[in-house]
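This is run-v4.txt (compact mmCIF, C-alpha atoms).
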# COMPACT_ATOMS: atom_id res chain seq x y z
CA MET A 1 -16.21 22.57 0.16
CA GLU A 2 -19.21 20.26 0.62
CA ASN A 3 -16.90 17.43 1.69
CA VAL A 4 -15.29 19.66 4.33
CA ILE A 5 -18.70 20.71 5.66
CA GLU A 6 -19.89 17.10 5.68
CA THR A 7 -16.75 16.01 7.57
CA ASN A 8 -17.19 18.80 10.15
CA ILE A 9 -20.82 17.80 10.67
CA LYS A 10 -19.83 14.17 11.17
CA GLU A 11 -17.09 15.10 13.63
CA SER A 12 -19.42 17.46 15.53
CA PHE A 13 -22.10 14.77 15.70
CA SER A 14 -19.61 12.11 16.83
CA ASN A 15 -18.16 14.34 19.55
CA ARG A 16 -21.65 15.23 20.77
CA VAL A 17 -22.64 11.55 20.96
CA LEU A 18 -19.41 10.58 22.76
CA ARG A 19 -19.70 13.52 25.13
CA ASP A 20 -23.30 12.74 26.14
CA MET A 21 -22.79 9.02 26.67
CA THR A 22 -23.29 7.80 30.23
CA SER A 23 -20.51 5.26 29.70
CA GLY A 24 -16.89 6.35 29.91
CA VAL A 25 -15.13 6.87 26.58
CA LEU A 26 -11.36 7.13 26.31
CA VAL A 27 -9.35 7.51 23.10
CA ILE A 28 -5.57 7.20 23.08
CA ASN A 29 -2.95 6.91 20.36
CA THR A 30 -0.30 4.23 20.12
CA SER A 31 2.10 6.49 22.03
CA GLY A 32 -0.25 6.42 24.97
CA GLN A 33 -1.28 10.07 24.68
CA ILE A 34 -4.89 10.83 25.60
CA ILE A 35 -6.74 12.29 22.62
CA PHE A 36 -10.28 12.37 23.93
CA CYS A 37 -12.30 11.44 27.01
CA ASN A 38 -15.82 12.34 28.00
CA LYS A 39 -17.02 13.51 31.43
CA PRO A 40 -17.80 10.03 32.87
CA ALA A 41 -14.28 8.91 31.92
CA ILE A 42 -12.71 12.00 33.48
CA LYS A 43 -14.63 11.39 36.71
CA MET A 44 -14.02 7.65 37.07
CA LEU A 45 -10.43 7.57 35.83
CA GLU A 46 -9.59 10.88 37.55
CA ILE A 47 -8.08 12.38 34.42
CA PRO A 48 -6.89 16.03 34.67
CA LYS A 49 -9.37 18.34 32.93
CA ASN A 50 -6.57 20.00 30.96
CA TYR A 51 -5.29 16.65 29.67
CA THR A 52 -4.99 17.94 26.07
CA GLU A 53 -2.79 20.85 27.15
CA ASN A 54 -0.32 19.04 29.40
CA GLY A 55 -0.01 16.03 27.08
CA SER A 56 -1.33 13.52 29.64
CA THR A 57 -0.53 9.95 28.74
CA PHE A 58 -2.30 6.71 29.48
CA SER A 59 0.33 5.84 32.10
CA THR A 60 -0.90 8.73 34.27
CA LEU A 61 -4.08 6.72 34.87
CA LEU A 62 -2.20 3.92 36.53
CA SER A 63 -1.45 3.89 40.24
CA GLU A 64 1.97 2.91 41.47
CA SER A 65 0.69 -0.52 42.56
CA ASN A 66 0.08 -3.47 40.27
CA TYR A 67 -3.67 -3.27 40.80
CA ASN A 68 -4.31 -1.88 37.31
CA ASP A 69 -2.11 -4.32 35.38
CA GLU A 70 -5.16 -6.25 34.19
CA PHE A 71 -6.79 -3.01 33.01
CA PHE A 72 -3.63 -2.03 31.11
CA GLU A 73 -3.19 -5.46 29.51
CA PHE A 74 -6.82 -5.50 28.38
CA ILE A 75 -6.27 -2.32 26.34
CA ILE A 76 -2.90 -3.38 24.97
CA GLN A 77 -4.47 -6.55 23.56
CA SER A 78 -6.31 -4.44 20.98
CA ILE A 79 -2.92 -3.58 19.42
CA TYR A 80 -1.90 -7.21 19.14
CA HIS A 81 -5.30 -8.26 17.78
CA LYS A 82 -6.30 -5.32 15.62
CA ASP A 83 -9.30 -6.95 13.95
CA GLU A 84 -11.05 -7.87 17.18
CA VAL A 85 -13.14 -5.92 19.67
CA HIS A 86 -12.15 -6.96 23.16
CA VAL A 87 -14.96 -7.13 25.72
CA GLY A 88 -14.60 -8.14 29.36
CA ILE A 89 -14.61 -7.25 33.05
CA CYS A 90 -11.59 -5.50 34.60
CA LYS A 91 -10.67 -4.01 37.95
CA PHE A 92 -9.41 -0.43 38.20
CA MET A 93 -8.12 1.71 41.06
CA ALA A 94 -7.93 5.49 40.65
CA HIS A 95 -5.23 7.64 42.23
CA SER A 96 -7.61 8.39 45.12
CA GLU A 97 -7.56 4.60 45.73
CA LYS A 98 -11.23 4.31 44.86
CA LYS A 99 -11.79 0.89 43.31
CA TYR A 100 -14.03 0.07 40.38
CA VAL A 101 -15.11 -2.94 38.37
CA PHE A 102 -15.55 -1.96 34.72
CA LYS A 103 -17.31 -3.71 31.89
CA MET A 104 -15.00 -2.70 29.06
CA SER A 105 -14.51 -2.86 25.33
CA SER A 106 -11.37 -1.81 23.46
CA SER A 107 -10.78 -1.66 19.72
CA TYR A 108 -8.01 -0.59 17.35
CA LEU A 109 -9.08 2.20 15.01
CA ILE A 110 -7.42 3.81 11.96
CA THR A 111 -9.01 7.17 11.14
CA GLU A 112 -9.81 8.11 7.57
CA ALA A 113 -8.36 11.59 7.93
CA ASP A 114 -4.67 10.99 8.64
CA GLU A 115 -4.48 7.22 9.05
CA THR A 116 -3.22 7.71 12.62
CA PRO A 117 -3.94 4.58 14.69
CA GLN A 118 -6.00 5.06 17.82
CA ILE A 119 -7.37 2.85 20.56
CA VAL A 120 -10.98 3.46 21.58
CA ILE A 121 -11.99 2.26 25.05
CA THR A 122 -15.53 2.34 26.40
CA PHE A 123 -16.45 1.24 29.91
CA THR A 124 -19.35 1.21 32.34
CA ASP A 125 -19.20 1.08 36.11
CA GLU A 126 -20.28 -2.41 37.17
CA THR A 127 -18.87 -2.18 40.70
CA LYS A 128 -22.21 -2.45 42.50
CA ALA A 129 -23.54 -5.11 40.14
CA GLU A 130 -20.43 -7.25 40.56
CA ALA A 131 -20.55 -6.80 44.34
CA LEU A 132 -24.18 -8.00 44.33
CA LYS A 133 -23.17 -11.04 42.26
CA VAL A 134 -20.45 -11.92 44.76
CA LYS A 135 -22.84 -11.38 47.66
CA LEU A 136 -25.45 -13.60 46.00
CA LYS A 137 -22.86 -16.32 45.46
CA ASP A 138 -21.65 -16.09 49.07
CA SER A 139 -25.22 -16.13 50.40
CA SER A 140 -26.04 -19.21 48.33
CA ALA A 141 -22.91 -20.97 49.60
CA THR A 142 -23.68 -20.04 53.21
CA PHE A 143 -27.30 -21.18 53.03
CA THR A 144 -26.33 -24.42 51.29
CA THR A 145 -23.76 -25.12 54.00
CA PHE A 146 -26.39 -24.39 56.63
CA LEU A 147 -28.85 -26.84 55.04
CA VAL A 148 -26.18 -29.55 55.06
CA GLY A 149 -25.67 -28.84 58.77
CA VAL A 150 -29.42 -29.04 59.44
CA CYS A 151 -29.63 -32.40 57.65
CA ILE A 152 -26.77 -33.76 59.76
CA TRP A 153 -28.48 -32.44 62.91
CA LEU A 154 -31.79 -34.11 61.93
CA ILE A 155 -30.01 -37.41 61.31
CA ILE A 156 -28.47 -37.18 64.78
CA PHE A 157 -31.92 -36.35 66.17
CA ALA A 158 -33.39 -39.45 64.48
CA ILE A 159 -30.62 -41.63 65.94
CA TRP A 160 -31.25 -40.02 69.34
CA LEU A 161 -34.94 -40.95 69.17
CA TYR A 162 -34.22 -44.44 67.84
CA ASN A 163 -31.95 -45.13 70.81
CA ASN A 164 -34.59 -43.88 73.31
CA LYS A 165 -32.94 -40.52 73.99
CA PRO A 166 -29.62 -41.73 75.48
CA PHE A 167 -28.54 -38.22 76.44
CA PRO A 168 -30.44 -35.12 77.69
CA LYS A 169 -32.32 -33.03 75.11
CA GLU A 170 -30.22 -30.00 76.11
CA TYR A 171 -27.39 -31.59 74.12
CA MET A 172 -29.53 -31.35 70.98
CA THR A 173 -29.98 -27.64 71.66
CA LYS A 174 -26.22 -27.29 72.04
CA GLY A 175 -25.89 -29.02 68.66
CA VAL A 176 -27.89 -26.19 67.09
CA GLU A 177 -25.58 -23.67 68.72
CA VAL A 178 -22.52 -25.55 67.43
CA LEU A 179 -24.05 -25.23 63.96
CA GLY A 180 -24.38 -21.47 64.53
CA ILE A 181 -20.71 -21.18 65.49
CA PHE A 182 -19.72 -23.23 62.43
CA ILE A 183 -21.72 -20.95 60.10
CA PHE A 184 -20.09 -17.90 61.74
CA ILE A 185 -16.63 -19.33 61.03
CA PHE A 186 -17.65 -20.32 57.49
CA ILE A 187 -18.85 -16.80 56.65
CA PHE A 188 -15.62 -15.12 57.71
CA ALA A 189 -13.31 -17.80 56.33
CA PHE A 190 -14.90 -18.48 52.95
CA THR A 191 -17.09 -15.51 51.98
CA SER A 192 -16.74 -11.78 51.47
CA LEU A 193 -19.79 -10.96 53.60
CA THR A 194 -19.05 -8.07 55.97
CA PHE A 195 -20.20 -7.25 59.51
CA ASN A 196 -22.93 -5.06 57.97
CA ASP A 197 -24.05 -7.89 55.68
CA ILE A 198 -24.53 -10.30 58.57
CA GLY A 199 -26.12 -7.75 60.87
CA LEU A 200 -23.38 -7.37 63.46
CA LYS A 201 -23.43 -3.60 63.01
CA SER A 202 -26.22 -1.07 63.27
CA ASN A 203 -26.41 2.15 61.28
CA SER A 204 -28.87 3.65 63.78
CA LEU A 205 -27.90 2.00 67.07
CA LYS A 206 -29.42 4.62 69.38
CA LYS A 207 -32.81 4.49 67.64
CA ASP A 208 -32.73 0.69 67.43
CA LEU A 209 -31.96 0.31 71.13
CA LYS A 210 -34.81 2.64 72.06
CA VAL A 211 -37.28 0.51 70.09
CA THR A 212 -35.68 -2.70 71.40
CA PHE A 213 -36.10 -1.84 75.08
CA ILE A 214 -39.68 -0.73 74.51
CA ILE A 215 -40.34 -4.21 73.09
CA VAL A 216 -38.49 -5.76 76.08
CA PHE A 217 -40.76 -3.85 78.46
CA ILE A 218 -43.88 -4.93 76.54
CA SER A 219 -42.63 -8.55 76.64
CA PHE A 220 -42.34 -8.36 80.43
CA ILE A 221 -45.89 -7.00 80.72
CA VAL A 222 -47.31 -9.63 78.34
CA LEU A 223 -45.64 -12.58 80.10
CA GLY A 224 -46.58 -11.22 83.53
CA SER A 225 -50.19 -10.75 82.43
CA LEU A 226 -50.25 -14.25 80.97
CA LYS A 227 -49.07 -15.76 84.25
CA PHE A 228 -51.63 -13.74 86.20
CA ILE A 229 -54.42 -15.02 83.92
CA LEU A 230 -53.21 -18.62 84.24
CA LEU A 231 -53.08 -18.38 88.05
CA LYS A 232 -56.69 -17.18 88.06
CA THR A 233 -58.09 -19.56 85.45
CA ASN A 234 -55.93 -22.69 85.45
CA PRO A 235 -53.38 -22.67 88.30
CA GLY A 236 -52.67 -26.37 87.82
CA MET A 237 -50.62 -25.56 84.72
CA LEU A 238 -47.97 -23.97 86.91
CA LYS A 239 -45.93 -25.56 89.68
CA ALA A 240 -47.59 -24.98 93.06
CA GLY A 241 -45.84 -22.90 95.67
CA THR A 242 -43.59 -20.92 93.34
CA PRO A 243 -43.54 -17.13 93.68
CA PHE A 244 -45.03 -14.93 90.97
CA ILE A 245 -41.51 -13.88 89.96
CA ASN A 246 -38.98 -16.50 91.01
CA PHE A 247 -35.66 -14.64 91.30
CA LYS A 248 -34.03 -17.81 92.67
CA ARG A 249 -33.98 -19.10 89.11
CA LEU A 250 -31.43 -16.43 88.17
CA ASN A 251 -28.17 -18.35 88.04
CA ALA A 252 -25.04 -18.78 85.94
CA HIS A 253 -27.02 -20.68 83.32
CA THR A 254 -29.40 -17.73 82.93
CA LEU A 255 -26.53 -15.27 82.62
CA PHE A 256 -24.70 -17.50 80.11
CA TYR A 257 -27.86 -17.48 78.00
CA ILE A 258 -26.75 -14.07 76.72
CA CYS A 259 -24.11 -15.88 74.64
CA ARG A 260 -26.43 -18.69 73.58
CA SER A 261 -29.15 -16.28 72.46
CA LEU A 262 -26.58 -14.38 70.38
CA ILE A 263 -25.51 -17.59 68.63
CA GLN A 264 -29.12 -18.60 68.02
CA GLU A 265 -30.08 -15.21 66.60
CA PHE A 266 -26.97 -15.14 64.44
CA LEU A 267 -27.98 -18.50 63.00
CA ALA A 268 -31.64 -17.52 62.54
CA ARG A 269 -31.02 -14.03 61.11
CA SER A 270 -27.54 -13.91 59.53
CA GLY A 271 -27.41 -17.57 58.59
CA ILE A 272 -31.00 -18.09 57.43
CA GLN A 273 -33.18 -15.00 57.07
CA ALA A 274 -30.68 -12.61 55.48
CA ASN A 275 -29.42 -15.20 52.99
CA ILE A 276 -32.92 -16.31 51.99
CA LYS A 277 -33.83 -12.66 51.37
CA ARG A 278 -30.81 -12.27 49.05
CA ILE A 279 -31.29 -15.44 47.02
CA THR A 280 -35.09 -15.71 46.82
CA THR A 281 -36.89 -14.79 43.60
CA SER A 282 -40.14 -14.20 45.48
CA LYS A 283 -42.14 -11.04 44.81
CA TYR A 284 -41.97 -10.35 48.56
CA PRO A 285 -38.46 -11.43 49.62
CA ALA A 286 -38.74 -9.96 53.14
CA VAL A 287 -41.97 -11.83 53.93
CA THR A 288 -40.64 -15.04 52.39
CA SER A 289 -37.41 -14.86 54.38
CA ILE A 290 -39.27 -14.25 57.66
CA ILE A 291 -41.71 -17.15 57.14
CA VAL A 292 -39.10 -19.67 55.93
CA SER A 293 -36.55 -18.76 58.62
CA SER A 294 -39.24 -19.01 61.33
CA LEU A 295 -40.29 -22.48 60.14
CA ILE A 296 -36.67 -23.68 60.01
CA PHE A 297 -36.03 -22.24 63.47
CA ALA A 298 -39.10 -24.11 64.74
CA VAL A 299 -37.84 -27.38 63.22
CA LEU A 300 -34.55 -26.93 65.07
CA HIS A 301 -36.58 -27.12 68.31
CA ILE A 302 -38.35 -30.36 67.41
CA HIS A 303 -36.60 -32.16 70.28
CA LEU A 304 -38.43 -29.89 72.75
CA GLY A 305 -41.94 -30.83 71.61
CA LEU A 306 -44.72 -29.43 69.45
CA VAL A 307 -45.81 -26.66 71.83
CA PHE A 308 -42.26 -25.33 72.15
CA MET A 309 -41.87 -25.52 68.36
CA ALA A 310 -45.02 -23.42 67.88
CA GLY A 311 -43.78 -20.86 70.42
CA ALA A 312 -40.35 -20.77 68.76
CA ALA A 313 -41.96 -20.19 65.34
CA ILE A 314 -44.10 -17.29 66.63
CA LEU A 315 -41.19 -15.68 68.48
CA ALA A 316 -38.91 -16.16 65.46
CA GLY A 317 -41.51 -14.53 63.22
CA LEU A 318 -41.83 -11.48 65.47
CA LEU A 319 -38.06 -11.18 65.82
CA GLY A 320 -37.74 -11.64 62.06
CA ILE A 321 -39.92 -8.57 61.51
CA LEU A 322 -37.76 -6.58 63.93
CA TYR A 323 -34.59 -7.76 62.18
CA ASP A 324 -35.97 -6.79 58.78
CA LYS A 325 -36.76 -3.29 60.08
CA GLN A 326 -33.44 -2.75 61.87
CA ASP A 327 -31.20 -4.81 59.57
CA SER A 328 -29.16 -5.77 62.61
CA ILE A 329 -29.18 -8.70 65.04
CA ILE A 330 -28.33 -6.45 68.01
CA GLY A 331 -31.97 -5.61 68.74
CA VAL A 332 -33.34 -9.13 68.19
CA TRP A 333 -30.53 -10.57 70.31
CA ILE A 334 -31.45 -8.32 73.26
CA VAL A 335 -35.18 -9.09 72.93
CA HIS A 336 -34.46 -12.84 72.62
CA TYR A 337 -32.27 -12.81 75.72
CA PHE A 338 -34.70 -10.91 77.93
CA PHE A 339 -37.65 -12.93 76.67
CA GLY A 340 -35.82 -16.06 77.78
CA VAL A 341 -34.94 -14.51 81.15
CA PHE A 342 -38.52 -13.35 81.73
CA GLY A 343 -39.83 -16.78 80.73
CA THR A 344 -37.50 -18.31 83.32
CA LEU A 345 -38.47 -15.83 86.07
CA PHE A 346 -42.19 -16.43 85.45
CA SER A 347 -41.53 -20.22 85.42
CA PHE A 348 -42.74 -20.70 81.83
CA ILE A 349 -39.36 -22.21 80.88
Conversion result in structure tokens:
Amino acid sequence: MENVIETNIKESFSNRVLRDMTSGVLVINTSGQIIFCNKPAIKMLEIPKNYTENGSTFSTLLSESNYNDEFFEFIIQSIYHKDEVHVGICKFMAHSEKKYVFKMSSSYLITEADETPQIVITFTDETKAEALKVKLKDSSATFTTFLVGVCIWLIIFAIWLYNNKPFPKEYMTKGVEVLGIFIFIFIFAFTSLTFNDIGLKSNSLKKDLKVTFIIVFISFIVLGSLKFILLKTNPGMLKAGTPFINFKRLNAHTLFYICRSLIQEFLARSGIQANIKRITTSKYPAVTSIIVSSLIFAVLHIHLGLVFMAGAAILAGLLGILYDKQDSIIGVWIVHYFFGVFGTLFSFI
């Protein structure tokens, strides 16, 4: 009688522990019939709640596609290697087509009661963790590729200086934009980074645009005020005889700048800032990514002189803050474009 009571206590304790585990627990026999599964397993594997009544088998977990073959083979291996506990990472797709990445273990078990063989499978949902690993790897690859491109650009810049600038400096600027296009192609061809990851989508577009155009308006006021102050204090810094706002400078080049500013912001934000933020181990990844991306962006304007580099660094820093808040390059692209247009109209550029 004591042995029966002791066995019942052990079984009750075991079931309670298995039931309350946050990991999924699935027990099947060698015929594939489901003997036990806890709530996390029922939810993730989409097992019918009355699985013990309708005699659900392991095959009911598998979708019609071959997506779950690896998952199935992982469990079957415990039959072929009975003395080993198999641990690994497997993909799984439920009948609703929701996809998971599981960290799993499977083992072959012979119960003391009736010597009936069973397979015990435990698994935890590692989908988000695995996605972050892939994203980290892709970000590292993208940033490394970008640094190689920057080194090549700097070598070309050194050759350009050594040969007494044989072609206009605008070609060096175009070289930066070519690098931006190359990084764009690299991301979509060789990484799993999505439009959201690289900031080409906005989850709050209406709100972001409202803030963006407020900043555009403030930029116009600041640049206009700066020109007014310069005309009063040091008019020699500006070309004599030009109107306060020179609309004649609006041309095809100015309009085409909308594409160039997009490429530049993609390079600065999606290519540099976002990837630095993902891979940095700094205590303040956002601040680090803004500072480093601003300095790199300034270096890429070295052919335009120290003053322009300083201005580029300041502008990049301010736009970096905006990008970090909005997590999209749409707003910074618009601000960058209009800042360039206003700078042209006020004859600063």
So that I can see what lies close to stretch 87-100 of chain A, please list as a list in words the residues with an atom at most 9 Å from it, counting all atoms listed in the file and leaving out residues fewer than 3 positions away in the same chain. Met44, Leu45, Glu46, Leu61, Leu62, Ser63, Glu64, Tyr67, Asn68, Asp69, Glu70, Phe71, Phe74, Lys103, Met104, Ser105, Ser106, Asp125, Glu126, Thr127 and Lys128 of chain A
Test item: residues at most 9 Å from A:Phe157, all atoms listed in the file, excluding those fewer than 5 positions along its chain, as a PyMOL selection string: chain A and resi 152+162+165+172+302-303
Could you list as a PyMOL selection string every residue that has an atom within 12 Å of (-38.0, 0.7, 72.3), using the file's coordinates and counting all atoms listed in the file? chain A and resi 205-219+322+326+331-332+334-335
Hey, what's within 12 Å of A:Leu319 if we count only C-alpha atoms and toss same-chain stuff fewer than 3 positions away? As an MDAnalysis selection string, please? chainID A and resid 212 215:216 264:266 268:269 273 290:291 293:294 297 312:316 322:337 339
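Here atom CA of A:Val25 and atom CA of A:Glu130 stand 20.6 Å from one another.
Proximity to A:Phe348 was assessed for A:Gly180, A:Gly311, A:Gly24, A:Gly320 counting all atoms listed in the file; the smallest distance is recorded for A:Gly311.
Using all atoms listed in the file for every distance, the candidate list A:Asn275, A:Ser23, A:Asn246, A:Thr280 yields A:Asn275 as the residue closest to A:Leu147.
Here the question is which of A:Asn203, A:Ser192, A:Leu226, A:Ser261 gets nearest to A:Ala141 using all atoms listed in the file, and that residue is A:Ser192.
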Close residues, A:Leu154 itself excluded, 12 Å, only C-alpha atoms, min 6 positions apart in chain, as a count of residues only: 15
Selection near A:His253, 12 Å with only C-alpha atoms, sequence-local residues under 5 positions removed, as an mmCIF file with C-alpha atoms, in the frame of the given file:
data_model
loop_
_atom_site.group_PDB
_atom_site.id
_atom_site.type_symbol
_atom_site.label_atom_id
_atom_site.label_comp_id
_atom_site.auth_asym_id
_atom_site.auth_seq_id
_atom_site.Cartn_x
_atom_site.Cartn_y
_atom_site.Cartn_z
ATOM 1 C CA ILE A 258 -26.750 -14.070 76.720
ATOM 2 C CA CYS A 259 -24.110 -15.880 74.640
ATOM 3 C CA ARG A 260 -26.430 -18.690 73.580
ATOM 4 C CA SER A 261 -29.150 -16.280 72.460
ATOM 5 C CA GLY A 340 -35.820 -16.060 77.780
ATOM 6 C CA VAL A 341 -34.940 -14.510 81.150
ATOM 7 C CA THR A 344 -37.500 -18.310 83.320
#
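Across A:Ala286, A:Gly224, A:Asn251, A:Thr233, the tightest approach to A:Gly343 is made by A:Gly224 when counting only C-alpha atoms.
Among the candidates A:Asn163, A:Trp153, A:Arg278, A:Asn234, the residue lying nearest to A:Lys137 is A:Arg278 (atoms considered: all atoms listed in the file).
Interatomic distance, atom CA of A:Phe72 to atom CA of A:Ser107: 13.5 Å.
Nearest to A:Ile121 of all the residues A:Phe36, A:Phe146, A:Phe167, A:Phe188 is A:Phe36, counting all atoms listed in the file.
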Would you compute an axis-aligned box for stretch 120-131 of chain A, covering every atom listed for it in the file with 8 Å of margin on each side, and report centre and edge lengths in Å to one decimal as AutoDock Vina command-line options?
--center_x -17.3 --center_y -1.9 --center_z 33.0 --size_x 28.6 --size_y 26.7 --size_z 38.8
Please indicate the distance in Å from atom CA of A:Ala41 to atom CA of A:Tyr80, rounded to one decimal place. 24.0 Å
